[in-house]
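K.L.:
Before I ask anything, here is the structure I am working with.
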Amino acid sequence: MLEPQAQSTPEGALEGATSDPTGNALLRGILITVAGGALWGLNGTVAKYLMDVYAVEPLWLACARELTACWLFLGAAWVRNRSRLTGVFRDRRSLASILAIALGAILFSQVAYLEAIDWTNSGTATVLQALSMPIVLILVCLHTPRLPRRREVAGLILAFSGTFLMATGGDPTHLALPPVGLFWGLLCAVSATILSILPARMMRKWGNFVVNGLAFLISGLILAAFYQPWNHMPALDALGWALVAFSIVFGTFGAYGLYLQGVKEVGSVRGSILSTSEPLVATITSVVLMGVSFSLPELVGMAFILVTVLLTA
C-alpha cells in the first residue's frame with residue numbers, strides 16, 4: 001500500500017486510539033481499517049490491469065492520480081477544518097516541509113510502487129512494500145539505541161528469509177523476479193519507510209488531509225513538468241477511464257479515508273496489523289483477475305513477510 005497512511009512503529013511513534021474500543025465500536029473500527037487496506041490492494045491490481053491491457057505508463061497513472069486525488073484531499077480539508085487549510089499558507093517553514101514531503105515521500109512512493117507493479121504484479125509489490133516495518137525497526141534500534149527484542153529478531157529473520165524466497169523461488173542460482181522488479185519492490189519498502197516518518201510532524205500540526213492534499217498537488221505538478229503526461233496519453237475506452245476513476249476516488253482517496261478513520265478508532269498498532277489486508281487482497285485479485293501464478297516458495301516468502309508485520313508492529 002504505498003498511499004499516505006498512519007503507520008505504527010516499534011516504539012509507538014504514532015499514538016493509538018484515544019480510548020480502547022470494545023464491542024461494536026471495535027468491530028466497526030476493524031471493518032473500516034480492513035476495508036481501507038483491501039481497497040488499496042484492489043487498487044494495485046487495477047493499476048496492473050491498466051498497464052497490461054491499456055499500455056498505461058506508470059508515470060502517467062501517477063500524474064493522473066496525484067493531480068486529481070489532491071483536490072479530493074483538499075476538499076475534505078476545507079469541509080473538516082478550513083482554518084488549517086488557509087493557515088498553512090501563512091507558515092513558510094511548514095510549506096517548505098510539505099515540499100520536502102512531496103518530493104521525498106509522495107513522489108518517491110508513487111513512482112516506486114507503480115513501477116514495481118508494472119515490472120512484477122500487485123501482490124508481489126505490496127508484500128515487498130511491507131518490508132518497511134523491519135526497516136523502521138532497524139532505524140529505531142539505531143536511534144534509541146537499543147538491541148531488538150526477541151520477537152523483533154524473529155521478525156527480521158523472517159523478513160530476510162521471505163525476501164530471499166520471493167526473489168529466488170528457493171533456488172539461489174537464479175532470480176524468480178525480474179531484477180528491475182526486485183529493485184523497484186525494495187525501493188517500495190524504502191519509500192514506505194520514509195512515508196511513515198517524514199510527514200508525521202506536519203500531519204499532527206495541520207491535519208492529514210491538508211498535508212497530503214498539498215503534497216499530492218506539488219508532487220503531481222513537478223512530475224507533470226518533467227514527464228509531460230499530455231504527450232503520453234493512453235488509448236482508453238469507457239472501461240479504461242472507469243478504472244482510472246476507481247483508482248483515484250476509491251483506490252486512493254477512499255482507501256486513505258477509511259484506513260485513517262479505522263486507525264483513529266482501533267489504534268495504530270492494530271491498524272498496522274490489519275493493514276495486511278492490502279497485500280492479501282492484492283495477491284488474491286492478481287491470481288483471480290490477472291491470472292498470476294505464484295510458486296510454493298514465493299507464497300511461503302509472502303507469508304514470512306506478513307508475519308514480520310505482526311512481530312514488529
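Each chain of the C-alpha cells is named A, B, ... in the order shown, its residues numbered from 1; ligands are numbered from 1 in display order.
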Might you pull out every residue within 10 Å of Leu95 of chain A, with only C-alpha atoms counted and same-chain residues fewer than 5 positions away left off, and present them as an MDAnalysis selection string?

P.N.:
chainID A and resid 88:90 100:101 202 211 214:215

K.L.:
Restricting it to C-alpha atoms, dump the selection as a PDB file, in the first residue's frame.

P.N.:
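Result file is out_18.pdb:
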```pdb
ATOM      1  CA  VAL A  88      -0.752  26.648   6.323  1.00  0.00           C
ATOM      2  CA  PHE A  89      -0.149  29.196   3.537  1.00  0.00           C
ATOM      3  CA  ARG A  90       0.959  31.742   6.152  1.00  0.00           C
ATOM      4  CA  ALA A 100      10.084  18.028   1.169  1.00  0.00           C
ATOM      5  CA  ILE A 101       7.256  15.577   1.845  1.00  0.00           C
ATOM      6  CA  MET A 202       3.291  18.223   9.699  1.00  0.00           C
ATOM      7  CA  VAL A 211      -0.689  17.912   4.217  1.00  0.00           C
ATOM      8  CA  LEU A 214      -0.861  19.879  -0.867  1.00  0.00           C
ATOM      9  CA  ALA A 215       1.874  17.232  -1.118  1.00  0.00           C
TER      10      ALA A 215
END
```

K.L.:
Tell me, as a list in words, which residues lie within 10 Å of Gly104 of chain A, counting only C-alpha atoms; anything in the same chain fewer than 2 positions away does not count.

P.N.:
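Here the qualifying residues turn out to be Ile98, Leu99, Ala100, Ile101, Ala102, Ile106, Leu107, Phe108, Ser109, Ser191, Ile194, Leu195, Leu198, Pro199 and Ser219 of chain A.
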
K.L.:
For segment 248-260 of chain A, find every residue with an atom within 6 Å (counting only C-alpha atoms), except residues of its own chain fewer than 5 positions away, and show them as a list in words.

P.N.:
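Everything that qualifies: Ile32, Thr33, Gly36, Leu39, Trp40, Asn43, Arg65 and Ala69 of chain A.
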
K.L.:
Could you write those residues out with C-alpha atoms, as a PDB file, in the first residue's frame?

P.N.:
```pdb
ATOM      1  CA  ILE A  32     -13.202   0.151   8.348  1.00  0.00           C
ATOM      2  CA  THR A  33      -9.460  -0.460   8.604  1.00  0.00           C
ATOM      3  CA  GLY A  36      -9.234   0.633   3.540  1.00  0.00           C
ATOM      4  CA  LEU A  39      -9.213  -1.078  -1.411  1.00  0.00           C
ATOM      5  CA  TRP A  40      -5.507  -0.311  -1.599  1.00  0.00           C
ATOM      6  CA  ASN A  43      -6.168  -0.570  -6.450  1.00  0.00           C
ATOM      7  CA  ARG A  65      -3.819  10.098  -9.555  1.00  0.00           C
ATOM      8  CA  ALA A  69      -6.894  12.969  -5.882  1.00  0.00           C
TER       9      ALA A  69
END
```

K.L.:
If we count only C-alpha atoms and set the cut-off at 10 Å, which residues sit around segment 115-120 of chain A, ignoring sequence neighbours fewer than 4 positions away in its own chain? Please answer as a PyMOL selection string.

P.N.:
chain A and resi 44-45+47-52+56-59+62+109-111+124-126+128-129+177-188+292

K.L.:
Report as JSON, numbers by chain all protein, DNA and RNA residues lying within 6 Å of Val281 of chain A, evaluated on only C-alpha atoms, omitting residues in the same chain fewer than 4 positions from it.

P.N.:
{"A": [38, 41, 277, 285]}

K.L.:
Mind writing the picked residues with N, CA and C atoms as a CSV table (one decimal), in the first residue's frame?

P.N.:
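Okay, part-v2.csv is ready:
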```
chain,number,residue,atom,x,y,z
A,38,ALA,N,-8.0,-3.2,2.0
A,38,ALA,CA,-8.5,-4.0,0.9
A,38,ALA,C,-8.6,-3.2,-0.4
A,41,GLY,N,-5.2,-2.7,-1.8
A,41,GLY,CA,-4.8,-3.9,-2.5
A,41,GLY,C,-5.5,-4.1,-3.9
A,277,SER,N,-4.4,-6.7,5.2
A,277,SER,CA,-5.4,-7.0,4.2
A,277,SER,C,-5.0,-6.5,2.8
A,285,THR,N,-6.5,-11.0,-5.8
A,285,THR,CA,-7.0,-10.4,-7.1
A,285,THR,C,-6.0,-10.5,-8.2
```

K.L.:
Based on the backbone DSSP call, show me all residues of segment 57-305 of chain A assigned helix (DSSP H, G or I), as a PyMOL selection string.

P.N.:
chain A and resi 58-90+92-119+122-129+132-143+150-168+179-197+200-206+208-227+229-231+238-266+268-274+277-290+296-305

K.L.:
When you count only C-alpha atoms, which of these residues is closest to Gln228 of chain A: A:Met203, A:Val46, A:Leu61, A:Ala76?

P.N.:
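Closest residue, counting only C-alpha atoms: A:Leu61.
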
K.L.:
Between A:Gly75, A:Pro229, A:Val34, A:Ser161, which residue has the minimum interatomic distance to Thr276 of chain A, considering only C-alpha atoms?

P.N.:
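Once distances to Thr276 of chain A are computed over only C-alpha atoms, the minimum belongs to A:Val34.
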
K.L.:
So which one's closest to Leu131 of chain A, A:Thr163, A:Thr173, A:Asn81, A:Thr283? Using only C-alpha atoms, please.

P.N.:
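Of the candidates, the smallest distance to Leu131 of chain A is held by A:Thr163.
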
K.L.:
Expressed in Å to a single decimal, how great is the separation between atom CA of Arg84 of chain A and atom CA of Gln261 of chain A?

P.N.:
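Pair atom CA of Arg84 of chain A / atom CA of Gln261 of chain A returns 18.8 Å.
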